[in-house]
Structure formats: C-alpha cells, structure tokens
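Written below as structure tokens is the structure these notes are about.
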Amino acid sequence: MVEEKSKLLVIDDDESILKVLTVTLRDAGYQVLTAKDGETGLKIFAEEGPEIVLCDLRMPGMDGISVLKEMKARDPDKEVIVISAYADIDLAVKALQLKASDFITKPISTTALEVALQRAEERLDLTRELREYTELIEKRWLDTAEELAKTYLFQKNLIDSSIDAIVGCEPQGKVIIFNKAAEAVLGYRKETVLGKLTIDHFFPPGKYDELKEKLYSSDYGGQNRLTLYETSLVAISGQLIPAQFSGAVLHEGEEEIGSVAFFRDLREIRRLEQQFADQARLLHQDKMISLGRLAASVVHEINNPLAGVLNYARLMLKILKKGPVTEENQEKFAKYLNLMENETDRCSKIVSNLLAFSRKSELDFSDLPINELVEKCLMLSGHKLKLANITTERHLQERLPRVRGDYNQLQQCVINLIFNAIDAMPKGGKLTVATSYNASDRNLTIRVTDNGCGIDKNDLPRIFEPFFTTKSEGQGLGLGLSMVEGIIERHKGAIEVTSEVGKGTTFTVKLPAKK
C-alpha cells in the first residue's frame, strides 16, 4: 500500500486535466481534492485545509492570481503551485512575486510536477520545523549550555537547508553567514567568504550602494526592509546572475547589529522566457514563409479582376469621347460599374485577409466560428489550388458550436495543412476539407484530406518534429507541422494523421467546443 503524503487540492476548469492529475497524484500517495473553479477551490481550502494547492492561472470567473492572493491572505504557510500555459509566462512570474512556491507549464510534464511537489514538501517541512522551533522558544527558557548549543545547531541547519541563498552581514558589510544555497549560486566556498569578503563583492560596481539606499528607505517594503527586488549578482566566474532580493536591516534596541539578504536565482525563469520568445519568433517565421507562398499566387488572382476593371474603364472613356451618353450606353455603364465594383471588392477582401494573416500579434482568445475560418483559408489558398490543378470539396457541418481560440494562429494551422496537401499533389488532385462536431466528447473536428503521394510509414512518427522534412532543399524548413502541433496543444486540442503511400493523407484536428 502507498504511504499517503500531504493533502493536496487541484483547481482547474479542464475536467480532463483534473482526472489525469488526480490519478497521477493518488498513485504518488497524495490525498487529492479537486475543484473546477476558484470559488469552489477557496471553499474546499477553508474546510479541508490542504497543505499544497495546484491552481490553473487561466480560469473563467475567479482567475488563478485572485485565488493565490486569497489563499496567501488566509494562510501564508500553504504552498501554492500555479499551472500556466506557454503564453502566460508573465502571469507565472507575477504569481511567483505574490509568493507562489513554484509554477509548471501545460502540457504538464510528470518530471516538472514531481520536482515542484518535492520543493513544496521541502518548504512545508522547513516551515513546520520553524513553527515547532518558535513554539519551543515560547514554552521554555534556554538556560543551559547544551540547550543553547542545540538551538544554535538548529538555526544553522535551518539556514543551510534554505532553498534561497542567505547572506548575513555585520553593520560594516562583512559577511558572517553564507549558506549552502549561496555557495551553489555564486560558486564561492564558505571558508573563502566568511569574515573575509563584504557583501558588495557579489554585486556589479555601484549596484549594492543603489540597493542599500532602497533597503534603508521606507519606500520598498517598509523601513529598513526591501522585498522582491530584482537585481544582478556576480558569480566567482564573473557571470552575471539575475536574482530576486529580499532583505532587512537588523536592530537590537536602537543599535544596528547587521543585515540579512535572501536571494532567489532567476536564471531558470529567464531561460523559460527566452524559450517562449524563441517559439514566438519561429511561429512568425513559419507564418511569413506561408505568406510568401500565398502572395505569389494571389498576385495572379488580383491581376485578373484589376485587368477587367481597367478594360471597362477604358471602354467607358472611349464611349464618352464619342459624344453624349445615350440611354443604351447608360445601361451599359451601369452594368460595367456593377462588375467593376464586384471585382474591386474581391481584390479588397483578398488584400485585407493577407494583411490580417501577416500581422504579428499576441495571443488573443475569442469565440470563433470554425466554418468561417475554414472558408477564409480556402479563399486565400484558392488561386494556388487552381494553379496546381487541384479541385476542392467542402463538407462543413452547419450550426457548429464555437471554439475558444486565437483566430490568427488557427488560420495559420489550416493554411499550413492546405499547403502540405498541395505539395503532396504535384500533378493535381482533390482536396477535401470537412468540419464536424461530436457531442459525446464536445470536440469540433477539422479534417484536411488529399489524394496525393502519401507519407512513408517510417516517416510518420517524425513529421511533427521541428526541422524534420521530406521536401527537397529550399522547399521548407520543416517547421510547419511542428508549429501546427504546438498551436493546437495551446488550444487544449490534438492533431492526428493517417496516410498511405500512393493513396493520400488525412490530418485531423480536434478542438474543444466553447463551454
């Protein structure tokens, strides 16, 4: 039988995530409570008093940040781990600033979950030990040398066991406390620091004076206190380390007896921020490749109606030069102007859609009509399909529920799948696009099917890998399907592929319907 660990509450509006986490965490020995929204989670938190809370940042109604603030206000010793999407790194950092113990990203990695829970358990143990120690001090006086020695050792263990780097100083700045986490972050051995170096040695020139000025003021957390201030440290190697600083000036009566500083290493958070920025750059790069391919065909599609408009305009001018406009010519003019208006409007729509598709924007989730999105993608790709001698069939189910998503990114997905189908049919063929809704699992489905060359069974497991491509050099970077998969996962959906060499390929995208 698995030994039960801490009582744990999971708050997430996605039922599938709740089920998976419940099974995983119970198998790991936790007592698991669940809630589908922030209000219910706070009620369970008040009634059951779980030691650890896993809370999604993005929820309808009360969001994760509000839940975190309320829980920390009620019991600051509880450990709250926030769950964020890749695009929510700023919210995750804000949650850490509000004293969340950690954050993990979706899709949730089992390893990341285990590490976050282990860190939370360690902090709980540390808090429990500190509370027991405080209660011990309140209950009895330490009046023997043996008791004083035990207390000293206990305090030393508390400092050395801290996850954050702790540096204690005399009033003149000479270091007298330097814990194991400080050794790990800065690379110095304790014996080379204690009594020999001052704290300003670990900062860039002039940086500690600036920080000390803020520490002694009352503008950044209270008189003689500074909390959650971002700065830089200098490691023994000379490397600049981004860090979060909290500290206080210590007094005994009116006399200043020293200061203590707590540092949290922010390198991992910065690495994640850069990773998300790189993903966004690659996503836009792939979109620009698709845009270039679209533009090359759309130029021809725009030229045809513009040539018609120009010919009608010249014809009308020629008639006007012959004399007054007769009733018969007036009818012709009305017909010509109507045709010119329709052709100009078609050109305007094509250009507008191209501009919208090319725009680099932040994630903007709204309630989307899938059939309208698919129709726009087919319209943008229409001329390219004609040039490739490819016929299209639409099977779009009517009255589909809407999808919660980013229009621009989902449009990029569908266009990518259409382009892949075009590349798979170099001698022409048939493209079929279908949409449907399954009420049992509340998923909308988009299927893009071609009758082209198909994908070799040995290549199928790798087609979603970044930079993997079966196309010849210069025909693609191998990023398209990787980007499609990433976008669909961020929309809490899934993408599947079936293919047979010589017969064709079907890509199936499943997206959750709006609740």
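Here's how to read the names in the structure tokens: chain A, B, ... by the order shown, residue numbers from 1 in each chain, ligand numbers from 1 in the order shown.
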Query raised in the report: So which residues of segment 366-456 of chain A fall under strand (DSSP E) by DSSP, listed as a PyMOL selection string?
Result: chain A and resi 366-368+390-396+403-406+429-438+443-450
**Report entry** Neighbour list for Glu51 of chain A as a ChimeraX atom specification, cut-off 7 Å, only C-alpha atoms, skip fewer than 6 positions in-chain
**Finding:** /A:6-8,78-79
Generate a file of the selected residues that holds N, CA and C atoms, formatted as a compact mmCIF listing (two decimals), in the first residue's frame.
```
# COMPACT_ATOMS: atom_id res chain seq x y z
N SER A 6 1.06 14.55 1.79
CA SER A 6 0.26 15.71 2.16
C SER A 6 -1.09 15.70 1.47
N LYS A 7 -2.04 16.39 2.09
CA LYS A 7 -3.34 16.60 1.46
C LYS A 7 -3.18 17.68 0.40
N LEU A 8 -3.70 17.44 -0.81
CA LEU A 8 -3.42 18.30 -1.96
C LEU A 8 -4.72 18.65 -2.67
N LYS A 78 0.74 27.97 3.45
CA LYS A 78 0.35 26.94 2.48
C LYS A 78 1.16 27.12 1.20
N GLU A 79 1.47 26.00 0.54
CA GLU A 79 2.25 26.02 -0.69
C GLU A 79 1.31 26.00 -1.90
```
**Report entry** Distance query Leu117 of chain A at most 10 Å, only C-alpha atoms, self and fewer than 2 positions along chain excluded, as a list of chain:residue names
**Finding:** A:Ser6, A:Leu8, A:Leu25, A:Ile52, A:Val53, A:Leu54, A:Glu79, A:Val80, A:Ile81, A:Ser101, A:Asp102, A:Thr111, A:Ala112, A:Leu113, A:Glu114, A:Val115, A:Arg119, A:Ala120, A:Glu121, A:Glu122, A:Arg123
Would you mind listing what lies within 12 Å of Gly258 of chain A as a CSV table (one decimal) with C-alpha atoms, in the first residue's frame, with only C-alpha atoms counted and same-chain residues fewer than 5 positions away left out?
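Written file, result20.csv:
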```
chain,number,residue,atom,x,y,z
A,167,VAL,CA,23.9,36.1,3.3
A,168,GLY,CA,24.2,37.7,6.7
A,169,CYS,CA,26.5,40.7,7.4
A,170,GLU,CA,27.9,42.9,10.1
A,171,PRO,CA,27.0,46.6,10.1
A,172,GLN,CA,30.1,47.3,8.0
A,173,GLY,CA,29.0,44.7,5.4
A,174,LYS,CA,31.5,41.9,6.3
A,175,VAL,CA,29.9,38.5,5.6
A,176,ILE,CA,29.3,36.3,8.7
A,177,ILE,CA,26.6,34.0,7.3
A,199,ILE,CA,28.5,41.8,0.6
A,224,ASN,CA,14.8,49.0,6.8
A,247,GLY,CA,16.5,41.7,2.9
A,248,ALA,CA,16.3,43.6,6.2
A,249,VAL,CA,18.5,45.7,8.5
A,250,LEU,CA,18.6,44.0,12.0
A,251,HIS,CA,18.5,46.0,15.2
A,252,GLU,CA,18.9,45.3,18.9
```
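Between Val82 of chain A and the candidates A:Leu33, A:Ala513, A:Ile11, A:Val501, the tightest atom-to-atom separation, counting only C-alpha atoms, involves A:Ile11.
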Find the residues near segment 426-432 of chain A: any atom within 7 Å, counting only C-alpha atoms, skip ones fewer than 3 places away on the same chain, and give them as a PDB file with N, CA and C atoms, in the first residue's frame.
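Listed below is the output, selection-v9.pdb:
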```
ATOM      1  N   ALA A 388      -2.348  24.677 -59.214  1.00  0.00           N
ATOM      2  CA  ALA A 388      -1.824  23.327 -59.022  1.00  0.00           C
ATOM      3  C   ALA A 388      -2.773  22.266 -59.588  1.00  0.00           C
ATOM      4  N   ASN A 389      -3.860  22.726 -60.250  1.00  0.00           N
ATOM      5  CA  ASN A 389      -4.833  21.805 -60.856  1.00  0.00           C
ATOM      6  C   ASN A 389      -5.463  20.892 -59.798  1.00  0.00           C
ATOM      7  N   ILE A 390      -5.844  21.500 -58.675  1.00  0.00           N
ATOM      8  CA  ILE A 390      -6.443  20.751 -57.568  1.00  0.00           C
ATOM      9  C   ILE A 390      -7.879  21.211 -57.369  1.00  0.00           C
ATOM     10  N   THR A 391      -8.823  20.290 -57.385  1.00  0.00           N
ATOM     11  CA  THR A 391     -10.222  20.603 -57.106  1.00  0.00           C
ATOM     12  C   THR A 391     -10.466  20.494 -55.600  1.00  0.00           C
ATOM     13  N   THR A 392     -11.458  21.226 -55.131  1.00  0.00           N
ATOM     14  CA  THR A 392     -11.748  21.213 -53.685  1.00  0.00           C
ATOM     15  C   THR A 392     -13.179  20.783 -53.429  1.00  0.00           C
ATOM     16  N   GLU A 393     -13.357  20.082 -52.308  1.00  0.00           N
ATOM     17  CA  GLU A 393     -14.685  19.710 -51.818  1.00  0.00           C
ATOM     18  C   GLU A 393     -14.805  20.192 -50.379  1.00  0.00           C
ATOM     19  N   ARG A 394     -15.971  20.740 -50.037  1.00  0.00           N
ATOM     20  CA  ARG A 394     -16.237  21.185 -48.680  1.00  0.00           C
ATOM     21  C   ARG A 394     -17.368  20.348 -48.099  1.00  0.00           C
ATOM     22  N   ILE A 422      -1.220  20.539 -51.002  1.00  0.00           N
ATOM     23  CA  ILE A 422      -0.829  20.977 -52.354  1.00  0.00           C
ATOM     24  C   ILE A 422       0.520  20.381 -52.731  1.00  0.00           C
ATOM     25  N   ASP A 423       1.480  20.407 -51.794  1.00  0.00           N
ATOM     26  CA  ASP A 423       2.809  19.852 -52.072  1.00  0.00           C
ATOM     27  C   ASP A 423       2.752  18.348 -52.321  1.00  0.00           C
ATOM     28  N   VAL A 448      -8.490  17.627 -43.095  1.00  0.00           N
ATOM     29  CA  VAL A 448      -7.926  18.055 -44.379  1.00  0.00           C
ATOM     30  C   VAL A 448      -7.365  16.809 -45.061  1.00  0.00           C
ATOM     31  N   THR A 449      -7.986  16.423 -46.198  1.00  0.00           N
ATOM     32  CA  THR A 449      -7.636  15.168 -46.867  1.00  0.00           C
ATOM     33  C   THR A 449      -7.175  15.432 -48.301  1.00  0.00           C
ATOM     34  N   ASP A 450      -6.083  14.777 -48.701  1.00  0.00           N
ATOM     35  CA  ASP A 450      -5.646  14.851 -50.100  1.00  0.00           C
ATOM     36  C   ASP A 450      -5.518  13.437 -50.649  1.00  0.00           C
ATOM     37  N   ASN A 451      -5.493  13.320 -51.970  1.00  0.00           N
ATOM     38  CA  ASN A 451      -5.283  12.013 -52.595  1.00  0.00           C
ATOM     39  C   ASN A 451      -3.917  11.979 -53.288  1.00  0.00           C
ATOM     40  N   GLY A 452      -2.932  12.545 -52.592  1.00  0.00           N
ATOM     41  CA  GLY A 452      -1.599  12.686 -53.151  1.00  0.00           C
ATOM     42  C   GLY A 452      -0.691  11.507 -52.890  1.00  0.00           C
TER      43      GLY A 452
END
```
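The interatomic distance for the pair atom CA of Pro401 of chain A and atom CA of Pro512 of chain A works out to 9.7 Å.
Distances to Ser66 of chain A were evaluated for A:Phe365, A:Asp37, A:Glu48, A:Val497 using only C-alpha atoms, and the minimum falls at A:Asp37.
Atom pair atom CA of Phe464 of chain A / atom CA of Leu481 of chain A: separated by 5.2 Å.
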Requested in this report: Would you mind listing what lies within 10 Å of Leu315 of chain A as a PyMOL selection string, with only C-alpha atoms counted and same-chain residues fewer than 5 positions away left out?
Outcome: chain A and resi 309-310+320+333+336
Kindly export the residues of the current selection with N, CA and C atoms, as a CSV table (one decimal), in the first residue's frame.
```csv
chain,number,residue,atom,x,y,z
A,309,VAL,N,-11.3,45.6,-64.6
A,309,VAL,CA,-11.7,46.9,-64.2
A,309,VAL,C,-11.1,48.0,-65.1
A,310,LEU,N,-9.8,47.8,-65.4
A,310,LEU,CA,-9.1,48.7,-66.3
A,310,LEU,C,-9.7,48.7,-67.7
A,320,LEU,N,-17.5,57.8,-74.0
A,320,LEU,CA,-17.7,59.2,-73.6
A,320,LEU,C,-17.2,60.2,-74.6
A,333,PHE,N,-23.2,51.3,-69.0
A,333,PHE,CA,-22.3,51.9,-67.9
A,333,PHE,C,-22.7,51.3,-66.5
A,336,TYR,N,-21.3,47.8,-66.4
A,336,TYR,CA,-19.9,47.9,-66.2
A,336,TYR,C,-19.5,48.3,-64.8
```
Query raised in the report: Skipping near chain neighbours, those fewer than 4 positions away, what residues fall within 8 Å of Pro369 of chain A using only C-alpha atoms, listed as a ChimeraX atom specification?
Result: /A:373,400-403
Segment 375-484 of chain A: residues DSSP assigns to alpha helix (DSSP H), reported as a PDB file with N, CA and C atoms, in the first residue's frame:
```
ATOM      1  N   GLU A 375     -13.451  28.673 -44.425  1.00  0.00           N
ATOM      2  CA  GLU A 375     -13.787  29.303 -45.706  1.00  0.00           C
ATOM      3  C   GLU A 375     -12.760  30.373 -46.074  1.00  0.00           C
ATOM      4  N   LYS A 376     -12.304  31.159 -45.091  1.00  0.00           N
ATOM      5  CA  LYS A 376     -11.307  32.196 -45.363  1.00  0.00           C
ATOM      6  C   LYS A 376      -9.988  31.576 -45.813  1.00  0.00           C
ATOM      7  N   CYS A 377      -9.608  30.473 -45.165  1.00  0.00           N
ATOM      8  CA  CYS A 377      -8.362  29.798 -45.540  1.00  0.00           C
ATOM      9  C   CYS A 377      -8.447  29.267 -46.965  1.00  0.00           C
ATOM     10  N   LEU A 378      -9.584  28.711 -47.337  1.00  0.00           N
ATOM     11  CA  LEU A 378      -9.754  28.194 -48.695  1.00  0.00           C
ATOM     12  C   LEU A 378      -9.763  29.327 -49.715  1.00  0.00           C
ATOM     13  N   MET A 379     -10.350  30.477 -49.336  1.00  0.00           N
ATOM     14  CA  MET A 379     -10.368  31.618 -50.249  1.00  0.00           C
ATOM     15  C   MET A 379      -8.945  32.135 -50.490  1.00  0.00           C
ATOM     16  N   LEU A 380      -8.153  32.250 -49.397  1.00  0.00           N
ATOM     17  CA  LEU A 380      -6.775  32.722 -49.543  1.00  0.00           C
ATOM     18  C   LEU A 380      -5.934  31.756 -50.383  1.00  0.00           C
ATOM     19  N   SER A 381      -6.233  30.463 -50.269  1.00  0.00           N
ATOM     20  CA  SER A 381      -5.447  29.455 -50.986  1.00  0.00           C
ATOM     21  C   SER A 381      -6.046  29.115 -52.346  1.00  0.00           C
ATOM     22  N   GLY A 382      -7.181  29.722 -52.683  1.00  0.00           N
ATOM     23  CA  GLY A 382      -7.944  29.320 -53.853  1.00  0.00           C
ATOM     24  C   GLY A 382      -7.153  29.342 -55.151  1.00  0.00           C
ATOM     25  N   HIS A 383      -6.467  30.455 -55.404  1.00  0.00           N
ATOM     26  CA  HIS A 383      -5.769  30.563 -56.684  1.00  0.00           C
ATOM     27  C   HIS A 383      -4.595  29.595 -56.748  1.00  0.00           C
ATOM     28  N   LYS A 384      -3.931  29.388 -55.613  1.00  0.00           N
ATOM     29  CA  LYS A 384      -2.806  28.434 -55.583  1.00  0.00           C
ATOM     30  C   LYS A 384      -3.313  27.025 -55.884  1.00  0.00           C
ATOM     31  N   LEU A 385      -4.494  26.691 -55.368  1.00  0.00           N
ATOM     32  CA  LEU A 385      -5.082  25.388 -55.651  1.00  0.00           C
ATOM     33  C   LEU A 385      -5.407  25.251 -57.143  1.00  0.00           C
ATOM     34  N   LYS A 386      -5.941  26.323 -57.755  1.00  0.00           N
ATOM     35  CA  LYS A 386      -6.264  26.282 -59.185  1.00  0.00           C
ATOM     36  C   LYS A 386      -5.001  26.105 -60.029  1.00  0.00           C
ATOM     37  N   LEU A 387      -3.944  26.866 -59.677  1.00  0.00           N
ATOM     38  CA  LEU A 387      -2.694  26.758 -60.425  1.00  0.00           C
ATOM     39  C   LEU A 387      -2.113  25.352 -60.354  1.00  0.00           C
ATOM     40  N   TYR A 407      -7.804  33.395 -33.485  1.00  0.00           N
ATOM     41  CA  TYR A 407      -8.201  33.269 -34.892  1.00  0.00           C
ATOM     42  C   TYR A 407      -6.978  33.198 -35.800  1.00  0.00           C
ATOM     43  N   ASN A 408      -6.031  34.105 -35.575  1.00  0.00           N
ATOM     44  CA  ASN A 408      -4.864  34.214 -36.456  1.00  0.00           C
ATOM     45  C   ASN A 408      -4.035  32.938 -36.450  1.00  0.00           C
ATOM     46  N   GLN A 409      -3.831  32.353 -35.261  1.00  0.00           N
ATOM     47  CA  GLN A 409      -2.994  31.158 -35.175  1.00  0.00           C
ATOM     48  C   GLN A 409      -3.712  29.927 -35.726  1.00  0.00           C
ATOM     49  N   LEU A 410      -5.007  29.794 -35.469  1.00  0.00           N
ATOM     50  CA  LEU A 410      -5.733  28.655 -36.027  1.00  0.00           C
ATOM     51  C   LEU A 410      -5.813  28.761 -37.551  1.00  0.00           C
ATOM     52  N   GLN A 411      -5.923  29.995 -38.064  1.00  0.00           N
ATOM     53  CA  GLN A 411      -5.891  30.192 -39.518  1.00  0.00           C
ATOM     54  C   GLN A 411      -4.543  29.739 -40.076  1.00  0.00           C
ATOM     55  N   GLN A 412      -3.472  30.046 -39.367  1.00  0.00           N
ATOM     56  CA  GLN A 412      -2.141  29.613 -39.792  1.00  0.00           C
ATOM     57  C   GLN A 412      -2.065  28.087 -39.853  1.00  0.00           C
ATOM     58  N   CYS A 413      -2.682  27.398 -38.884  1.00  0.00           N
ATOM     59  CA  CYS A 413      -2.684  25.934 -38.874  1.00  0.00           C
ATOM     60  C   CYS A 413      -3.356  25.368 -40.119  1.00  0.00           C
ATOM     61  N   VAL A 414      -4.567  25.856 -40.408  1.00  0.00           N
ATOM     62  CA  VAL A 414      -5.335  25.309 -41.532  1.00  0.00           C
ATOM     63  C   VAL A 414      -4.618  25.578 -42.854  1.00  0.00           C
ATOM     64  N   ILE A 415      -4.071  26.793 -43.020  1.00  0.00           N
ATOM     65  CA  ILE A 415      -3.347  27.112 -44.255  1.00  0.00           C
ATOM     66  C   ILE A 415      -2.108  26.219 -44.403  1.00  0.00           C
ATOM     67  N   ASN A 416      -1.423  25.955 -43.311  1.00  0.00           N
ATOM     68  CA  ASN A 416      -0.273  25.050 -43.356  1.00  0.00           C
ATOM     69  C   ASN A 416      -0.679  23.666 -43.841  1.00  0.00           C
ATOM     70  N   LEU A 417      -1.806  23.159 -43.342  1.00  0.00           N
ATOM     71  CA  LEU A 417      -2.269  21.829 -43.742  1.00  0.00           C
ATOM     72  C   LEU A 417      -2.686  21.822 -45.221  1.00  0.00           C
ATOM     73  N   ILE A 418      -3.309  22.918 -45.696  1.00  0.00           N
ATOM     74  CA  ILE A 418      -3.682  23.012 -47.114  1.00  0.00           C
ATOM     75  C   ILE A 418      -2.427  23.043 -47.988  1.00  0.00           C
ATOM     76  N   PHE A 419      -1.419  23.793 -47.580  1.00  0.00           N
ATOM     77  CA  PHE A 419      -0.168  23.863 -48.348  1.00  0.00           C
ATOM     78  C   PHE A 419       0.522  22.496 -48.407  1.00  0.00           C
ATOM     79  N   ASN A 420       0.506  21.765 -47.285  1.00  0.00           N
ATOM     80  CA  ASN A 420       1.091  20.429 -47.292  1.00  0.00           C
ATOM     81  C   ASN A 420       0.371  19.530 -48.294  1.00  0.00           C
ATOM     82  N   ALA A 421      -0.975  19.664 -48.330  1.00  0.00           N
ATOM     83  CA  ALA A 421      -1.755  18.866 -49.279  1.00  0.00           C
ATOM     84  C   ALA A 421      -1.391  19.231 -50.717  1.00  0.00           C
ATOM     85  N   ILE A 422      -1.220  20.539 -51.002  1.00  0.00           N
ATOM     86  CA  ILE A 422      -0.829  20.977 -52.354  1.00  0.00           C
ATOM     87  C   ILE A 422       0.520  20.381 -52.731  1.00  0.00           C
ATOM     88  N   ASP A 423       1.480  20.407 -51.794  1.00  0.00           N
ATOM     89  CA  ASP A 423       2.809  19.852 -52.072  1.00  0.00           C
ATOM     90  C   ASP A 423       2.752  18.348 -52.321  1.00  0.00           C
ATOM     91  N   GLY A 480       6.657  23.713 -40.208  1.00  0.00           N
ATOM     92  CA  GLY A 480       5.213  23.895 -40.339  1.00  0.00           C
ATOM     93  C   GLY A 480       4.394  23.010 -39.422  1.00  0.00           C
ATOM     94  N   LEU A 481       4.567  21.674 -39.516  1.00  0.00           N
ATOM     95  CA  LEU A 481       3.749  20.764 -38.716  1.00  0.00           C
ATOM     96  C   LEU A 481       4.102  20.837 -37.237  1.00  0.00           C
ATOM     97  N   SER A 482       5.374  21.138 -36.915  1.00  0.00           N
ATOM     98  CA  SER A 482       5.750  21.329 -35.514  1.00  0.00           C
ATOM     99  C   SER A 482       4.994  22.519 -34.926  1.00  0.00           C
ATOM    100  N   MET A 483       4.912  23.612 -35.693  1.00  0.00           N
ATOM    101  CA  MET A 483       4.182  24.789 -35.242  1.00  0.00           C
ATOM    102  C   MET A 483       2.685  24.490 -35.117  1.00  0.00           C
ATOM    103  N   VAL A 484       2.152  23.756 -36.090  1.00  0.00           N
ATOM    104  CA  VAL A 484       0.731  23.395 -36.040  1.00  0.00           C
ATOM    105  C   VAL A 484       0.433  22.623 -34.755  1.00  0.00           C
TER     106      VAL A 484
END
```
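Relative to atom CA of Leu444 of chain A, atom CA of Lys106 of chain A is found at 21.0 Å.
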